[in-house]
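Visitor: Here you go, this is structure31.cif (mmCIF, C-alpha atoms).
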```cif
data_start
loop_
_atom_site.label_atom_id
_atom_site.label_comp_id
_atom_site.auth_asym_id
_atom_site.auth_seq_id
_atom_site.Cartn_x
_atom_site.Cartn_y
_atom_site.Cartn_z
CA TYR A 252 9.12 -0.63 -15.21
CA GLN A 253 7.10 2.54 -15.29
CA MET A 254 5.25 3.49 -12.13
CA TYR A 255 1.88 1.75 -12.04
CA ASN A 256 -0.31 4.72 -11.16
CA MET A 257 1.13 7.88 -9.64
CA GLN A 258 -2.22 8.68 -7.96
CA LEU A 259 -1.58 5.78 -5.58
CA PHE A 260 1.10 7.78 -3.78
CA GLN A 261 -0.77 11.04 -3.21
CA ASN A 262 -2.12 10.71 0.32
CA GLY A 263 -1.05 7.36 1.64
CA ARG A 264 1.85 5.42 3.01
CA THR A 265 4.18 3.71 0.54
CA LEU A 266 6.90 1.16 1.24
CA GLU A 267 9.52 -0.01 -1.25
CA LEU A 268 11.12 -3.42 -0.65
CA GLY A 269 14.59 -4.32 -1.92
CA ALA A 270 15.08 -0.81 -3.24
CA GLY A 271 18.75 -1.05 -4.17
CA LEU A 272 19.53 2.52 -5.22
CA GLY A 273 15.88 3.54 -4.67
CA LEU A 274 14.63 4.64 -8.09
CA ASN A 275 11.01 3.54 -7.62
CA GLY A 276 10.77 4.80 -4.05
CA ILE A 277 12.24 8.16 -5.02
CA LEU A 278 9.79 8.43 -7.94
CA ALA A 279 6.90 7.60 -5.58
CA TRP A 280 8.12 10.25 -3.13
CA LYS A 281 8.56 12.82 -5.93
CA SER A 282 4.98 12.22 -7.09
CA THR A 283 3.45 13.03 -3.69
CA SER A 284 1.78 16.37 -3.11
CA SER A 285 0.28 15.93 0.34
CA PRO A 286 1.90 16.50 3.72
CA ASN A 287 0.09 13.32 4.83
CA SER A 288 1.94 11.11 2.35
CA GLU A 289 4.93 9.05 3.45
CA VAL A 290 7.38 6.94 1.47
CA CYS A 291 9.65 4.49 3.26
CA ILE A 292 12.41 3.05 1.08
CA THR A 293 14.06 -0.15 2.34
CA ASP A 294 16.77 -2.63 1.52
CA GLY A 295 18.23 -5.49 3.51
CA ASP A 296 21.82 -4.81 2.48
CA SER A 297 23.62 -2.25 4.64
CA ASP A 298 26.02 -1.30 1.81
CA SER A 299 23.08 -0.57 -0.48
CA LEU A 300 21.49 1.57 2.24
CA VAL A 301 24.50 3.90 2.22
CA HIS A 302 24.02 4.62 -1.51
CA LEU A 303 20.23 4.69 -1.17
CA ARG A 304 20.42 7.36 1.54
CA GLU A 305 22.88 9.38 -0.59
CA ASN A 306 20.46 9.24 -3.54
CA VAL A 307 17.53 10.38 -1.41
CA GLU A 308 19.60 13.23 0.02
CA ARG A 309 20.73 14.29 -3.47
CA ASN A 310 17.08 14.47 -4.54
CA ARG A 311 16.18 16.42 -1.40
CA ILE A 312 18.96 18.94 -2.17
CA ALA A 313 17.90 19.14 -5.83
CA ASP A 314 14.46 20.26 -4.65
CA GLY A 315 15.94 22.82 -2.29
CA ASP A 316 15.23 22.94 1.41
CA GLY A 317 11.57 23.70 0.76
CA ASN A 318 11.15 20.39 -1.08
CA ASN A 319 8.60 20.93 -3.87
CA ASN A 320 6.67 17.87 -2.82
CA ALA A 321 5.11 17.86 0.61
CA GLY A 322 5.46 14.16 1.37
CA LYS A 323 7.93 12.62 3.79
CA VAL A 324 10.62 10.13 2.83
CA SER A 325 12.81 7.85 4.93
CA CYS A 326 15.26 4.99 4.38
CA HIS A 327 15.55 1.93 6.62
CA GLN A 328 17.00 -1.53 6.64
CA LEU A 329 14.41 -4.26 6.40
CA ILE A 330 15.31 -7.94 6.40
CA TRP A 331 12.36 -9.91 5.04
CA GLY A 332 10.52 -12.39 7.22
CA LYS A 333 7.74 -12.49 9.81
CA ASP A 334 9.73 -11.62 12.95
CA SER A 335 11.77 -8.79 11.45
CA SER A 336 8.67 -7.37 9.74
CA ILE A 337 6.75 -7.32 13.03
CA LYS A 338 9.68 -5.44 14.62
CA PHE A 339 9.74 -3.05 11.65
CA LEU A 340 5.99 -2.48 12.00
CA ASP A 341 6.41 -1.69 15.70
CA ASN A 342 9.66 0.32 15.63
CA VAL A 343 9.67 2.07 12.25
CA ALA A 344 6.09 2.13 10.94
CA ASN A 345 4.44 3.13 14.24
CA ASN A 346 2.09 0.14 13.93
CA GLN A 347 0.58 1.58 10.75
CA ARG A 348 0.48 -0.70 7.73
CA TYR A 349 1.20 0.57 4.23
CA ASP A 350 -1.32 1.47 1.53
CA VAL A 351 1.13 0.61 -1.25
CA ILE A 352 4.14 -1.69 -1.27
CA LEU A 353 6.47 -1.60 -4.28
CA ALA A 354 9.12 -4.06 -5.39
CA SER A 355 11.04 -4.30 -8.64
CA ASP A 356 13.30 -7.13 -9.81
CA ILE A 357 13.70 -8.65 -6.34
CA ILE A 358 13.23 -12.36 -7.06
CA TYR A 359 16.62 -14.04 -7.45
CA SER A 360 16.45 -17.16 -5.25
CA PRO A 361 13.76 -19.59 -4.07
CA VAL A 362 14.72 -19.01 -0.41
CA ILE A 363 13.46 -15.41 -0.48
CA VAL A 364 9.93 -16.15 -1.72
CA GLN A 365 8.42 -17.13 1.62
CA PRO A 366 10.09 -14.32 3.62
CA LEU A 367 8.88 -11.86 0.96
CA TRP A 368 5.24 -12.92 1.46
CA GLU A 369 5.62 -12.95 5.25
CA THR A 370 6.79 -9.34 4.96
CA VAL A 371 4.03 -8.25 2.59
CA GLU A 372 1.35 -9.95 4.69
CA THR A 373 2.64 -8.23 7.85
CA LEU A 374 3.11 -4.74 6.42
CA LEU A 375 0.34 -4.28 3.81
CA LYS A 376 -2.88 -2.59 4.94
CA LYS A 377 -5.72 -5.09 5.29
CA PRO A 378 -9.32 -4.31 4.30
CA ARG A 379 -11.43 -3.28 7.28
CA SER A 380 -14.84 -3.78 5.68
CA ASP A 381 -16.57 -5.23 2.64
CA ASP A 382 -16.33 -1.91 0.80
CA GLU A 383 -12.63 -1.29 1.43
CA GLU A 384 -9.95 -2.89 -0.74
CA GLY A 385 -7.03 -2.54 1.64
CA GLY A 386 -3.53 -1.99 0.33
CA VAL A 387 -1.92 -3.05 -2.93
CA PHE A 388 1.45 -4.70 -3.52
CA ILE A 389 2.90 -3.84 -6.94
CA MET A 390 5.73 -6.08 -8.05
CA SER A 391 7.66 -6.29 -11.28
CA TYR A 392 9.19 -9.66 -12.02
CA ALA A 393 12.19 -9.87 -14.35
CA ARG A 394 13.11 -13.11 -16.06
CA ARG A 395 16.55 -14.22 -14.87
CA LYS A 396 18.62 -17.37 -15.12
CA VAL A 397 17.79 -18.49 -11.58
CA ASP A 398 15.94 -21.40 -9.99
CA VAL A 399 12.79 -19.46 -9.18
CA SER A 400 9.85 -18.87 -11.49
CA ILE A 401 6.98 -16.42 -11.39
CA GLY A 402 4.76 -19.48 -10.85
CA MET A 403 6.48 -20.15 -7.52
CA VAL A 404 5.97 -16.54 -6.48
CA LEU A 405 2.28 -16.55 -7.47
CA GLU A 406 1.63 -19.88 -5.72
CA LYS A 407 3.09 -18.52 -2.50
CA ALA A 408 1.01 -15.34 -2.87
CA VAL A 409 -2.18 -17.40 -2.98
CA GLU A 410 -1.00 -19.45 -0.02
CA TYR A 411 -0.62 -16.22 1.97
CA GLY A 412 -4.15 -15.05 1.11
CA PHE A 413 -3.58 -12.81 -1.90
CA VAL A 414 -5.22 -12.52 -5.29
CA TYR A 415 -3.19 -11.17 -8.17
CA LYS A 416 -3.58 -9.54 -11.54
CA LEU A 417 -1.09 -9.21 -14.38
CA VAL A 418 -1.19 -5.52 -15.30
CA LYS A 419 1.71 -5.25 -17.74
CA GLU A 420 3.69 -7.77 -19.75
CA ASP A 421 6.78 -7.33 -21.89
CA GLU A 422 7.61 -10.82 -23.11
CA GLU A 423 10.52 -9.59 -25.24
CA ASP A 424 12.34 -7.98 -22.31
CA GLY A 425 11.08 -10.60 -19.86
CA ILE A 426 9.32 -8.23 -17.47
CA TRP A 427 5.90 -8.71 -15.91
CA VAL A 428 4.13 -6.36 -13.50
CA TYR A 429 1.57 -7.75 -11.05
CA THR A 430 -0.69 -6.28 -8.43
CA PHE A 431 -1.59 -8.24 -5.31
CA ARG A 432 -4.40 -7.60 -2.85
CA PHE A 433 -5.69 -9.52 0.11
CA ARG A 434 -8.34 -12.02 -0.93
CA GLU A 435 -11.83 -10.86 -0.01
CA GLU A 436 -13.35 -12.94 2.71
CA LYS A 437 -17.09 -13.26 3.15
CA ARG A 438 -18.16 -11.59 6.33
CA PRO A 439 -21.24 -12.80 8.23
#
```
What would the structure in this file look like if it were written as structure tokens?
Guide:
Amino acid sequence: YQMYNMQLFQNGRTLELGAGLGLNGILAWKSTSSPNSEVCITDGDSDSLVHLRENVERNRIADGDGNNNAGKVSCHQLIWGKDSSIKFLDNVANNQRYDVILASDIIYSPVIVQPLWETVETLLKKPRSDDEEGGVFIMSYARRKVDVSIGMVLEKAVEYGFVYKLVKEDEEDGIWVYTFRFREEKRP
């Protein structure tokens, strides 16, 4: 899918989940123009991380040592779930949650849905006041011949305190793009 809105990546912290070869994370990194922006590209598979890191390095070299964009980029292993996400938050993210989390074509089994939402809930920036939205999770869902539906994913999102919006739909190719934000809670 095309990047949702390149402005999202300008000054914040972005995390890509299940990056594979890292296309979306690299595009997010390439779109940054601020030294304060950071993109962290992750995958749970150690073999994928080898290729992911090579792709990031190739793009770094293509820009030259000066790197035309001023943002930082890093690659790390992240196994989804509450405990591993808390460790990631402490050890990799310096206890700073992410403004944007990206994921593309990551739903392939029912057993990953809950760990996915545990991870997003742990790592996505929460609103601090009534006038702040907090972070956004942007996920593309691709129709596959597997035993997990987008309905299961959306149900679990609501269960974990998120609201969602369908922002792009391609019924012919079987691709849907959703945004998720923490549900607003009434404050006294």
Visitor: In terms of the shortest atom-to-atom distance over all atoms listed in the file, which of A:Arg432, A:Arg394, A:Lys323, A:Arg311 is closest to A:Ser355?
Guide: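 Among the listed residues, the smallest separation from A:Ser355 belongs to A:Arg394.
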Visitor: As an NGL selection string, please: the residues near stretch 271-278 of chain A (cut-off 9 Å, all atoms listed in the file, same-chain neighbours under 3 positions excluded).
Guide: :A and (252-254 or 257 or 265-268 or 281-283 or 290-296 or 299-300 or 302-307 or 310 or 324 or 353-355)
Visitor: Atom CA of A:Lys338 and atom CA of A:Leu375 are how many Å apart?
Guide: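 Value for the atom CA of A:Lys338-atom CA of A:Leu375 distance: 14.3 Å.
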Visitor: Which residues would end up in the selection if the PyMOL selection byres ((chain A and resi 348) around 8) were applied here, given that I need the answer as a ChimeraX atom specification?
Guide: /A:264,340,344,346-347,349-350,373-377
Visitor: Could you tell me which residues the PyMOL selection byres ((chain A and resi 414) around 10) returns for this structure, as number ranges by chain?
Guide: A: 405, 408-413, 415-416, 430-435
Visitor: Separation of atom CA of A:Asn345 and atom CA of A:Lys333, in Å?
Guide: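 Value for the atom CA of A:Asn345-atom CA of A:Lys333 distance: 16.6 Å.
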